[in-house]
Every structure is written in C-alpha cells, then in structure tokens.
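Q: Below: one structure in structure tokens.
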Amino acid sequence: MRILCFGIAREIAGGPGLQLDGIVGKSVRELRMALMREFPGFADLTDFAVARNEVYATDEEIIAAGDEVVIIPPVSGG
Amino acid sequence: MRILCFGIAREIAGGPGLQLDGIVGKSVRELRMALMREFPGFADLTDFAVARNEVYATDEEIIAAGDEVVIIPPVSGG
Amino acid sequence: MDEFSGTIDVALSDHPLELDTCYRFVQHPSCGGLCLFVGTIRDLNLGHTVTHLEFDAYDGMAIKEMRKLALAARDTFDLQAVSLHHRKGDLEIGDVAVIIAVSSVHRAAAFAGCEWIIDELKKTVPIWKKEFREDGSHWLNARP
Amino acid sequence: MDEFSGTIDVALSDHPLELDTCYRFVQHPSCGGLCLFVGTIRDLNLGHTVTHLEFDAYDGMAIKEMRKLALAARDTFDLQAVSLHHRKGDLEIGDVAVIIAVSSVHRAAAFAGCEWIIDELKKTVPIWKKEFREDGSHWLNARP
C-alpha cells in the first residue's frame with residue numbers, strides 16, 4: 001500500500017510517499033510498528049500520528065483497501 | 001471657579017460647564033460635597049470623579065487657582 | 001513623545017478608524033503574534049434596539065489616559081508595540097468605536113495585553129457614550 | 001457548506017493573506033467585539049536567526065481540521081462568525097502565516113475563542129514548518 005508523507009516524513013521516506021505492503025486488515029497500531037521497523041527514522045520523531053481518509057486515526061482502527069493513509073509527524077502550523 | 005462638564009454632567013449642569021465659587025484652597029472632597037449640594041443631580045449618579053489638570057484627583061488634593069477642574073461622570077468608552 | 005516613538009500610537013478621532021493603520025503600526029520582524037480588538041456599535045443593548053450613539057470625550061485627558069494604558073500594557077506584558085485608536089462624535093450601528101492592536105514575540109502576551117487594554121479603557125478613559133433608542137436616549141453607566 | 005454559510009470561512013492559500021478579508025467576513029450588526037490574531041514569521045526563534053520558512057500542508061485534511069476548529073469555537077464560545085486563513089508555501093520574515101478573526105456579542109468570548117483557535121490549530125492542523133537558518137534547516141517540533 002502507498003502511504004503519503006508530509007513534512008519530515010518525506011525526508012525519512014525519501015519522497016512524498018512510501019510503499020508498505022501487507023497492512024490492509026491490520027490495525028493502525030500495527031501500521032505504526034511496521035513503519036518504525038522498516039523506516040527507523042520514524043522512531044526518532046517526537047511522535048507521529050496516522051490519518052485515514054483525512055481524519056486522525058486511533059490505534060485500534062483497521063486499515064481497509066482503498067484508504068488514503070497518511071503519516072502525520074508533529075504539526076507546526078500557525 | 002468655572003468647572004467643565006462632560007457626558008451626563010453637562011445635562012445636570014445645563015451646559016458645558018458650571019460656576020462654583022469659594023473652592024480654591026478647598027479639597028477635592030469638599031468640592032464634591034459642594035457640587036452635590038448645589039446640583040443635586042450629581043448625587044443621583046452611580047458615582048463621579050474629579051480631574052485636576054487632566055489627571056484623576058484624589059479626595060485629599062487641594063484645588064489651586066488656575067487649575068482646570070473637570071467633573072468626570074462614570075465613563076463608558078470602548 | 002520621543003520616548004514612545006515606534007512603540008506607542010494613540011489617537012482620538014472624529015473620523016472613521018482604520019484597522020490597517022493600527023495593524024501596520026505594530027508590525028515588527030521580531031514579533032510572531034499580533035492581537036487586534038475592534039469594538040463596534042451593536043444594534044441591541046440589554047434587549048433594546050439601538051439607533052445610534054453619540055460619543056463625548058474630554059480630549060486632552062482621554063489622550064493622556066490612553067497613552068498611560070498603552071505604556072502600562074507595553075511594559076507589563078512585554079509588548080513590542082501598541083496602537084490604540086478611539087472614535088468620538090456620532091456613530092451608527094456597525095461603526096467602529098475603538099481599535100487596539102498589539103504585537104509581541106509570543107502570542108499569549110499579545111492576547112493578554114490587548115484584552116487588558118480594552119478592559120481598563122472602559123474603566124478609566126474619559127469618554128462617554130449616549131445611547132439613542134427608539135424610545136429615548138441616555139448616558140451609559142451613569143445611573144445606578 | 002450551506003450549514004456554515006455566513007458564519008465560518010476557512011482557507012489555505014499559497015498567496016499572501018489579507019487581514020481585511022477576514023475582518024469583513026466576521027462583521028455583524030449584533031456583535032460589539034471582534035478579536036483578530038495575526039501570526040507572522042519572526043526573525044529569531046530560540047535564539048537563532050531565521051532566514052525564511054517553508055510550509056508544507058496536507059491540504060484536504062488541513063481544511064477539514066480548520067473547519068472543525070472554527071465550528072467548535074463558534075459553538076463553544078457562542079461566536080457569531082469565524083474566519084481562519086492559513087498560508088502555505090515559502091514565507092519570508094514578516095510574512096503572515098495565519099489570520100484568525102472572530103466576532104461576538106461580548107468581547108470576552110471573542111478573545112477566548114480566538115486564542116483557543118490558534119492554540120488548537122498548532123496542535124491538530126496538519127501543516128508543517130521547515131525553518132531555514134544561516135547554519136541549516138529543520139522541521140519544527142519534529143525531534144525531541
């Protein structure tokens with residue numbers, strides 16, 4: 001599955017998105033664990049969230065095929 | 001002495017100022033008492049202050065000849 | 001007013017107030033937060049329909065008291081600049097009675113300083129509003 | 001967006017933001033108090049000289065989160081209207097990053113609502129600042 005990246009997540013992923021397979025049907029918590037395993041830079045962040053279809057996702061939510069999944073590093077707008 | 005009036009004080013005085021004699025050398029407290037005696041409308045206000053030379057005067061200050069004395073009814077700017 | 005130059009801007013005007021004038025005055029490259037307050041004439045006050053207002057001001061003292069407030073706010077809240085413009089004369093519904101703009105390095109000080117100025121202005125600055133309703137007129141705050 | 005019509009105005013733009021646009025949106029005859037916040041790019045951050053900033057935004061979600069904040073503020077603080085404009089792209093020192101304007105019948109709610117929006121925006125809206133200093137660049141808040 002293609003996962004979109006913004007801010008520092010782009011630098012960790014080396015581009016505007018990254019490929020992570022085998023996560024459809026898995027929880028957001030499992031997605032976060034997989035991300036930190038495959039891209040250790042994510043473990044060095046203060047924290048990061050995951051958005052599913054433009055809404056913050058809880059750790060318990062299940063990733064569905066067709067979801068727009070996005071890594072949300074600590075925000076700094078304003 | 002001529003005393004300037006603003007806001008509702010103008011209506012009580014019947015004009016932009018009023019004449020009150022014998023107050024040079026008296027305290028602001030005495031001025032306030034004299035005002036309420038001569039113009040009972042002032043006693044009906046929520047409160048009123050006195051300014052001497054464009055600064056709020058304390059009750060203890062003494063009125064000097066040449067002072068600009070002004071009655072300051074409750075303000076309502078903003 | 002040299003000591004205030006660039007940091008304090010106070011005006012009492014019988015012409016319409018301009019937000020941009022106050023905004024431009026307080027801009028500064030070191031400031032990340034600007035807070036502005038605009039006080040306007042409402043069509044209702046305590047349930048009564050207001051038609052217009054008349055502002056009376058003791059000009060010289062009002063300017064002095066406004067300057068005192070601006071300086072006190074600048075120093076108490078560590079503001080970079082304060083612009084405080086007040087209207088006088090006849091105002092209609094929707095007209096702007098007062099504009100306050102402040103700038104600060106950090107935003108919390110900007111909000112606190114701006115709100116303090118309008119709260120204090122309403123207590124100390126010798127300006128008086130006469131409110132005209134359909135059924136008469138009266139000076140605000142004057143009577144118990 | 002019919003349900004928000006006239007009370008909520010949210011924008012994310014790569015063009016300069018205009019205070020007057022936000023100001024005009026929130027004006028209303030029933031409102032006596034308007035509070036506006038302008039967040040600008042500072043020349044110094046934590047003691048370092050900043051040369052410019054780059055704003056990255058997850059557009060669709062940022063707009064949704066900004067709209068949620070505006071609605072929550074409107075309903076929580078009983079505001080008449082909320083205008084919330086955020087910038088994206090490359091910004092220089094002094095450029096405006098965000099403008100918030102709110103109107104309310106009474107001023108205390110306007111101040112509280114406006115400050116709440118900027119505080120929450122900095123926690124929840126998916127927009128990221130990359131700060132460029134003379135000695136390098138980094139994404140703010142990203143690292144412990």
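Convention: chains lettered A, B, ... in structure tokens order; per-chain residue numbering from 1; ligands numbered from 1 as shown.
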Counting only C-alpha atoms, which residues of chain C come no farther than 7 Å from chain B, as a list in words?

A: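 Close to chain B, chain C has Gly39, Asp56, Tyr58, Gly60, Met61, Ala97, Val98, Ile118, Leu121, Lys122, Lys123, Thr124, Val125, Pro126, Ile127, Trp128, Lys129, Trp139, Leu140, Asn141, Ala142, Arg143 and Pro144 of chain C.
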
Q: Report as a list in words all protein, DNA and RNA residues lying within 12 Å of Arg24 in chain D, evaluated on only C-alpha atoms, omitting residues in the same chain fewer than 4 positions from it.

A: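 Selected residues are Leu19, Val38 and Gly94 of chain C; Gly6, Thr7, Asp9, Glu18, Leu19, Asp20, His28, Pro29, Leu34, Leu36, Ala81, Val82, Ser83, Ile100, Ala101, Val102 and Ser103 of chain D.
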
Q: Next, the residues of the selection above should be written as a PDB file, in the first residue's frame with N, CA and C atoms.

A:
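Full text of part_20.pdb as output:
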ATOM      1  N   LEU C  19      -8.498  49.841  10.496  1.00  0.00           N
ATOM      2  CA  LEU C  19      -7.796  48.694  11.053  1.00  0.00           C
ATOM      3  C   LEU C  19      -6.367  48.603  10.517  1.00  0.00           C
ATOM      4  N   VAL C  38     -11.438  45.014  17.874  1.00  0.00           N
ATOM      5  CA  VAL C  38     -12.257  46.050  17.250  1.00  0.00           C
ATOM      6  C   VAL C  38     -13.590  46.098  17.997  1.00  0.00           C
ATOM      7  N   GLY C  94     -22.742  49.386  13.680  1.00  0.00           N
ATOM      8  CA  GLY C  94     -21.688  48.804  12.858  1.00  0.00           C
ATOM      9  C   GLY C  94     -20.433  49.663  12.786  1.00  0.00           C
TER      10      GLY C  94
ATOM     11  N   GLY D   6     -21.979  32.022   6.013  1.00  0.00           N
ATOM     12  CA  GLY D   6     -22.015  33.296   6.720  1.00  0.00           C
ATOM     13  C   GLY D   6     -21.395  33.274   8.092  1.00  0.00           C
ATOM     14  N   THR D   7     -21.127  32.088   8.639  1.00  0.00           N
ATOM     15  CA  THR D   7     -20.546  32.076   9.988  1.00  0.00           C
ATOM     16  C   THR D   7     -19.150  31.470  10.024  1.00  0.00           C
ATOM     17  N   ASP D   9     -15.552  30.682   7.721  1.00  0.00           N
ATOM     18  CA  ASP D   9     -14.800  30.957   6.492  1.00  0.00           C
ATOM     19  C   ASP D   9     -13.378  30.446   6.702  1.00  0.00           C
ATOM     20  N   GLU D  18      -4.885  38.303   3.635  1.00  0.00           N
ATOM     21  CA  GLU D  18      -5.322  39.694   3.797  1.00  0.00           C
ATOM     22  C   GLU D  18      -6.201  39.858   5.026  1.00  0.00           C
ATOM     23  N   LEU D  19      -5.736  40.717   5.925  1.00  0.00           N
ATOM     24  CA  LEU D  19      -6.471  40.961   7.163  1.00  0.00           C
ATOM     25  C   LEU D  19      -7.882  41.456   6.885  1.00  0.00           C
ATOM     26  N   ASP D  20      -8.011  42.358   5.932  1.00  0.00           N
ATOM     27  CA  ASP D  20      -9.322  42.940   5.648  1.00  0.00           C
ATOM     28  C   ASP D  20     -10.358  41.908   5.211  1.00  0.00           C
ATOM     29  N   HIS D  28     -20.729  41.994  11.925  1.00  0.00           N
ATOM     30  CA  HIS D  28     -22.161  41.700  12.062  1.00  0.00           C
ATOM     31  C   HIS D  28     -22.777  42.740  13.000  1.00  0.00           C
ATOM     32  N   PRO D  29     -23.957  43.249  12.660  1.00  0.00           N
ATOM     33  CA  PRO D  29     -24.529  44.328  13.480  1.00  0.00           C
ATOM     34  C   PRO D  29     -24.811  43.955  14.934  1.00  0.00           C
ATOM     35  N   LEU D  34     -14.843  42.258  18.167  1.00  0.00           N
ATOM     36  CA  LEU D  34     -14.139  41.438  17.180  1.00  0.00           C
ATOM     37  C   LEU D  34     -12.707  41.273  17.667  1.00  0.00           C
ATOM     38  N   LEU D  36      -8.977  39.673  16.497  1.00  0.00           N
ATOM     39  CA  LEU D  36      -8.209  39.143  15.372  1.00  0.00           C
ATOM     40  C   LEU D  36      -6.818  38.770  15.848  1.00  0.00           C
ATOM     41  N   ALA D  81     -19.281  34.629  14.110  1.00  0.00           N
ATOM     42  CA  ALA D  81     -18.599  34.226  12.880  1.00  0.00           C
ATOM     43  C   ALA D  81     -17.124  34.013  13.151  1.00  0.00           C
ATOM     44  N   VAL D  82     -16.526  33.134  12.349  1.00  0.00           N
ATOM     45  CA  VAL D  82     -15.102  32.810  12.475  1.00  0.00           C
ATOM     46  C   VAL D  82     -14.496  32.784  11.072  1.00  0.00           C
ATOM     47  N   SER D  83     -13.392  33.497  10.901  1.00  0.00           N
ATOM     48  CA  SER D  83     -12.632  33.425   9.660  1.00  0.00           C
ATOM     49  C   SER D  83     -11.229  32.947  10.016  1.00  0.00           C
ATOM     50  N   ILE D 100      -6.689  34.828  12.147  1.00  0.00           N
ATOM     51  CA  ILE D 100      -7.941  34.362  12.740  1.00  0.00           C
ATOM     52  C   ILE D 100      -8.756  35.597  13.099  1.00  0.00           C
ATOM     53  N   ALA D 101      -9.995  35.632  12.686  1.00  0.00           N
ATOM     54  CA  ALA D 101     -10.885  36.721  13.089  1.00  0.00           C
ATOM     55  C   ALA D 101     -12.172  36.109  13.623  1.00  0.00           C
ATOM     56  N   VAL D 102     -12.631  36.615  14.755  1.00  0.00           N
ATOM     57  CA  VAL D 102     -13.897  36.122  15.319  1.00  0.00           C
ATOM     58  C   VAL D 102     -14.717  37.319  15.795  1.00  0.00           C
ATOM     59  N   SER D 103     -16.022  37.152  15.773  1.00  0.00           N
ATOM     60  CA  SER D 103     -16.899  38.204  16.282  1.00  0.00           C
ATOM     61  C   SER D 103     -17.865  37.618  17.286  1.00  0.00           C
TER      62      SER D 103
END

Q: Write out as a short mmCIF file (atom, residue, chain, number, x, y, z; two decimals) with N, CA, C and O atoms, in the first residue's frame which residues come within 12 Å of Gly47 in chain D when counting only C-alpha atoms, dropping same-chain ones fewer than 5 positions away.

A:
data_model
loop_
_atom_site.label_atom_id
_atom_site.label_comp_id
_atom_site.auth_asym_id
_atom_site.auth_seq_id
_atom_site.Cartn_x
_atom_site.Cartn_y
_atom_site.Cartn_z
N SER C 30 10.54 41.04 14.83
CA SER C 30 10.80 40.15 15.98
C SER C 30 9.51 39.56 16.54
O SER C 30 9.56 38.70 17.42
N ARG D 42 8.86 35.24 12.43
CA ARG D 42 9.81 36.02 13.23
C ARG D 42 11.23 35.84 12.72
O ARG D 42 11.58 34.80 12.17
N ARG D 133 17.78 28.42 8.72
CA ARG D 133 18.67 29.34 9.44
C ARG D 133 19.94 29.49 8.62
O ARG D 133 20.15 28.77 7.64
#

Q: Rank nothing, just name the residue among C:Phe37, C:Lys88, C:Thr51, C:His138 nearest to Cys114 in chain C, using only C-alpha atoms.

A: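 Ranked by minimum distance to Cys114 in chain C, first place goes to C:Phe37.
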
Q: For Asp135 in chain C, please output as an NGL selection string all residues within 10 Å (counting only C-alpha atoms; exclusion window: fewer than 2 positions along the same chain).

A: :C and (48-51 or 132-133 or 137)

Q: Could you dump the residues just selected with N, CA and C atoms as a JSON list (two decimals), in the first residue's frame?

A:
[["chain", "number", "residue", "atom", "x", "y", "z"],
["C", 48, "HIS", "N", -32.59, 46.24, 24.14],
["C", 48, "HIS", "CA", -33.20, 47.40, 23.48],
["C", 48, "HIS", "C", -32.57, 47.65, 22.12],
["C", 49, "THR", "N", -33.38, 48.02, 21.16],
["C", 49, "THR", "CA", -32.88, 48.35, 19.83],
["C", 49, "THR", "C", -32.22, 49.73, 19.86],
["C", 50, "VAL", "N", -30.96, 49.75, 19.45],
["C", 50, "VAL", "CA", -30.19, 51.00, 19.46],
["C", 50, "VAL", "C", -30.21, 51.58, 18.05],
["C", 51, "THR", "N", -30.44, 52.88, 17.94],
["C", 51, "THR", "CA", -30.45, 53.50, 16.61],
["C", 51, "THR", "C", -29.11, 54.14, 16.28],
["C", 132, "PHE", "N", -28.90, 56.16, 21.85],
["C", 132, "PHE", "CA", -30.22, 56.56, 21.36],
["C", 132, "PHE", "C", -31.01, 55.32, 20.98],
["C", 133, "ARG", "N", -32.15, 55.16, 21.62],
["C", 133, "ARG", "CA", -33.07, 54.06, 21.31],
["C", 133, "ARG", "C", -34.32, 54.65, 20.68],
["C", 137, "SER", "N", -33.17, 58.43, 24.93],
["C", 137, "SER", "CA", -31.71, 58.35, 24.97],
["C", 137, "SER", "C", -31.22, 58.45, 26.41]]

Q: Excluding same-chain residues fewer than 5 positions from Trp116 in chain D, what lies within 10 Å of it counting only C-alpha atoms, as a PDB file with C-alpha atoms, in the first residue's frame?

A:
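Once written, around-v6.pdb looks like this:
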ATOM      1  CA  LEU D  69     -11.848  24.129  14.915  1.00  0.00           C
ATOM      2  CA  ALA D  70     -13.846  27.046  13.570  1.00  0.00           C
ATOM      3  CA  ALA D  72     -16.110  24.092  17.675  1.00  0.00           C
ATOM      4  CA  ALA D  73     -15.018  27.613  18.595  1.00  0.00           C
ATOM      5  CA  PHE D  77     -17.708  30.375  22.752  1.00  0.00           C
ATOM      6  CA  ALA D 110     -14.136  36.923  21.251  1.00  0.00           C
ATOM      7  CA  PHE D 111     -10.746  36.945  22.975  1.00  0.00           C
ATOM      8  CA  LEU D 121      -4.524  24.844  15.412  1.00  0.00           C
TER       9      LEU D 121
END

Q: What's the separation between CA of Met1 in chain B and CA of Gly15 in chain B, in Å to one decimal place?

A: 15.0 Å

Q: Mind checking DSSP for chain A and telling me the helix (DSSP H, G or I) residues as a ChimeraX atom specification?

A: /A:8-13,28-38,40-44

Q: Pull the strand (DSSP E or B) assignments for chain C out of DSSP run on the backbone, and list those residues as a ChimeraX atom specification.

A: /C:8-13,33-40,44-45,48-57,81-87,89-92,96-104,127-133,136-139

Q: Go ahead and write the residues just picked, C-alpha atoms, as a CSV table (one decimal), in the first residue's frame.

A:
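Wrote part.csv, looks like this:
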chain,number,residue,atom,x,y,z
C,8,ILE,CA,3.1,53.6,21.2
C,9,ASP,CA,0.5,55.1,18.9
C,10,VAL,CA,-2.6,56.7,20.4
C,11,ALA,CA,-5.4,58.6,18.6
C,12,LEU,CA,-8.8,60.1,19.4
C,13,SER,CA,-10.6,60.9,16.1
C,33,GLY,CA,2.0,37.3,17.4
C,34,LEU,CA,-0.3,40.3,16.8
C,35,CYS,CA,-3.6,40.6,18.5
C,36,LEU,CA,-6.2,43.2,17.4
C,37,PHE,CA,-9.5,44.1,19.0
C,38,VAL,CA,-12.3,46.0,17.3
C,39,GLY,CA,-15.2,47.4,19.3
C,40,THR,CA,-18.2,48.3,17.2
C,44,LEU,CA,-29.1,45.7,20.6
C,45,ASN,CA,-28.0,46.6,24.1
C,48,HIS,CA,-33.2,47.4,23.5
C,49,THR,CA,-32.9,48.4,19.8
C,50,VAL,CA,-30.2,51.0,19.5
C,51,THR,CA,-30.5,53.5,16.6
C,52,HIS,CA,-27.2,55.4,17.0
C,53,LEU,CA,-24.7,56.6,19.6
C,54,GLU,CA,-23.0,59.9,20.5
C,55,PHE,CA,-19.5,59.8,22.0
C,56,ASP,CA,-18.4,62.7,24.2
C,57,ALA,CA,-14.7,62.9,25.1
C,81,ALA,CA,4.2,48.0,20.1
C,82,VAL,CA,0.7,49.2,20.9
C,83,SER,CA,-1.7,51.1,18.7
C,84,LEU,CA,-4.9,52.4,20.4
C,85,HIS,CA,-7.4,54.5,18.4
C,86,HIS,CA,-10.7,55.7,19.7
C,87,ARG,CA,-13.6,57.3,18.0
C,89,GLY,CA,-18.7,62.1,17.7
C,90,ASP,CA,-21.8,60.5,16.2
C,91,LEU,CA,-21.7,56.8,15.4
C,92,GLU,CA,-24.1,54.5,13.6
C,96,VAL,CA,-16.0,51.2,14.9
C,97,ALA,CA,-15.7,52.8,18.3
C,98,VAL,CA,-12.2,51.5,19.2
C,99,ILE,CA,-9.3,49.6,17.7
C,100,ILE,CA,-6.5,48.1,19.7
C,101,ALA,CA,-3.5,46.4,18.1
C,102,VAL,CA,-0.6,45.0,19.9
C,103,SER,CA,2.4,42.9,18.9
C,104,SER,CA,4.6,40.6,20.9
C,127,ILE,CA,-15.1,59.1,27.1
C,128,TRP,CA,-18.9,58.8,27.4
C,129,LYS,CA,-21.5,57.1,25.2
C,130,LYS,CA,-25.0,58.4,24.9
C,131,GLU,CA,-27.2,55.7,23.5
C,132,PHE,CA,-30.2,56.6,21.4
C,133,ARG,CA,-33.1,54.1,21.3
C,136,GLY,CA,-35.4,57.8,24.1
C,137,SER,CA,-31.7,58.3,25.0
C,138,HIS,CA,-29.4,58.1,28.0
C,139,TRP,CA,-25.8,58.2,29.0

Q: May I have the residues within 12 Å of Ala65 in chain B as an MDAnalysis selection string, using only C-alpha atoms and disregarding those fewer than 5 positions away in the same chain?

A: chainID B and resid 1:3 21:26 52:53

Q: Next, the residues of the selection above should be written as a PDB file, in the first residue's frame with N, CA, C and O atoms.

A:
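So the final result, stored in part_34.pdb, reads:
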ATOM      1  N   MET B   1     -15.252  79.675  40.534  1.00  0.00           N
ATOM      2  CA  MET B   1     -14.409  78.931  39.578  1.00  0.00           C
ATOM      3  C   MET B   1     -15.290  78.202  38.574  1.00  0.00           C
ATOM      4  O   MET B   1     -16.332  77.661  38.927  1.00  0.00           O
ATOM      5  N   ARG B   2     -14.801  78.191  37.328  1.00  0.00           N
ATOM      6  CA  ARG B   2     -15.517  77.508  36.250  1.00  0.00           C
ATOM      7  C   ARG B   2     -15.099  76.040  36.258  1.00  0.00           C
ATOM      8  O   ARG B   2     -13.913  75.730  36.271  1.00  0.00           O
ATOM      9  N   ILE B   3     -16.054  75.155  36.235  1.00  0.00           N
ATOM     10  CA  ILE B   3     -15.773  73.716  36.233  1.00  0.00           C
ATOM     11  C   ILE B   3     -16.377  73.117  34.967  1.00  0.00           C
ATOM     12  O   ILE B   3     -17.544  73.379  34.650  1.00  0.00           O
ATOM     13  N   ASP B  21     -18.270  78.812  43.332  1.00  0.00           N
ATOM     14  CA  ASP B  21     -17.319  79.744  43.934  1.00  0.00           C
ATOM     15  C   ASP B  21     -16.844  79.265  45.301  1.00  0.00           C
ATOM     16  O   ASP B  21     -17.461  78.411  45.929  1.00  0.00           O
ATOM     17  N   GLY B  22     -15.731  79.816  45.726  1.00  0.00           N
ATOM     18  CA  GLY B  22     -15.215  79.543  47.076  1.00  0.00           C
ATOM     19  C   GLY B  22     -14.567  78.187  47.242  1.00  0.00           C
ATOM     20  O   GLY B  22     -14.494  77.654  48.352  1.00  0.00           O
ATOM     21  N   ILE B  23     -14.063  77.616  46.168  1.00  0.00           N
ATOM     22  CA  ILE B  23     -13.469  76.290  46.321  1.00  0.00           C
ATOM     23  C   ILE B  23     -11.948  76.270  46.151  1.00  0.00           C
ATOM     24  O   ILE B  23     -11.318  75.247  46.398  1.00  0.00           O
ATOM     25  N   VAL B  24     -11.382  77.404  45.744  1.00  0.00           N
ATOM     26  CA  VAL B  24      -9.912  77.444  45.693  1.00  0.00           C
ATOM     27  C   VAL B  24      -9.390  77.316  47.117  1.00  0.00           C
ATOM     28  O   VAL B  24      -9.899  77.957  48.048  1.00  0.00           O
ATOM     29  N   GLY B  25      -8.438  76.395  47.307  1.00  0.00           N
ATOM     30  CA  GLY B  25      -7.903  76.139  48.648  1.00  0.00           C
ATOM     31  C   GLY B  25      -8.661  75.030  49.368  1.00  0.00           C
ATOM     32  O   GLY B  25      -8.234  74.568  50.421  1.00  0.00           O
ATOM     33  N   LYS B  26      -9.761  74.610  48.789  1.00  0.00           N
ATOM     34  CA  LYS B  26     -10.519  73.515  49.398  1.00  0.00           C
ATOM     35  C   LYS B  26     -10.068  72.180  48.785  1.00  0.00           C
ATOM     36  O   LYS B  26      -9.434  72.149  47.738  1.00  0.00           O
ATOM     37  N   ARG B  52      -8.132  67.055  37.834  1.00  0.00           N
ATOM     38  CA  ARG B  52      -7.462  68.344  38.020  1.00  0.00           C
ATOM     39  C   ARG B  52      -6.318  68.365  37.008  1.00  0.00           C
ATOM     40  O   ARG B  52      -5.454  67.485  37.040  1.00  0.00           O
ATOM     41  N   ASN B  53      -6.358  69.293  36.063  1.00  0.00           N
ATOM     42  CA  ASN B  53      -5.309  69.408  35.049  1.00  0.00           C
ATOM     43  C   ASN B  53      -5.089  68.090  34.297  1.00  0.00           C
ATOM     44  O   ASN B  53      -3.961  67.635  34.127  1.00  0.00           O
TER      45      ASN B  53
END
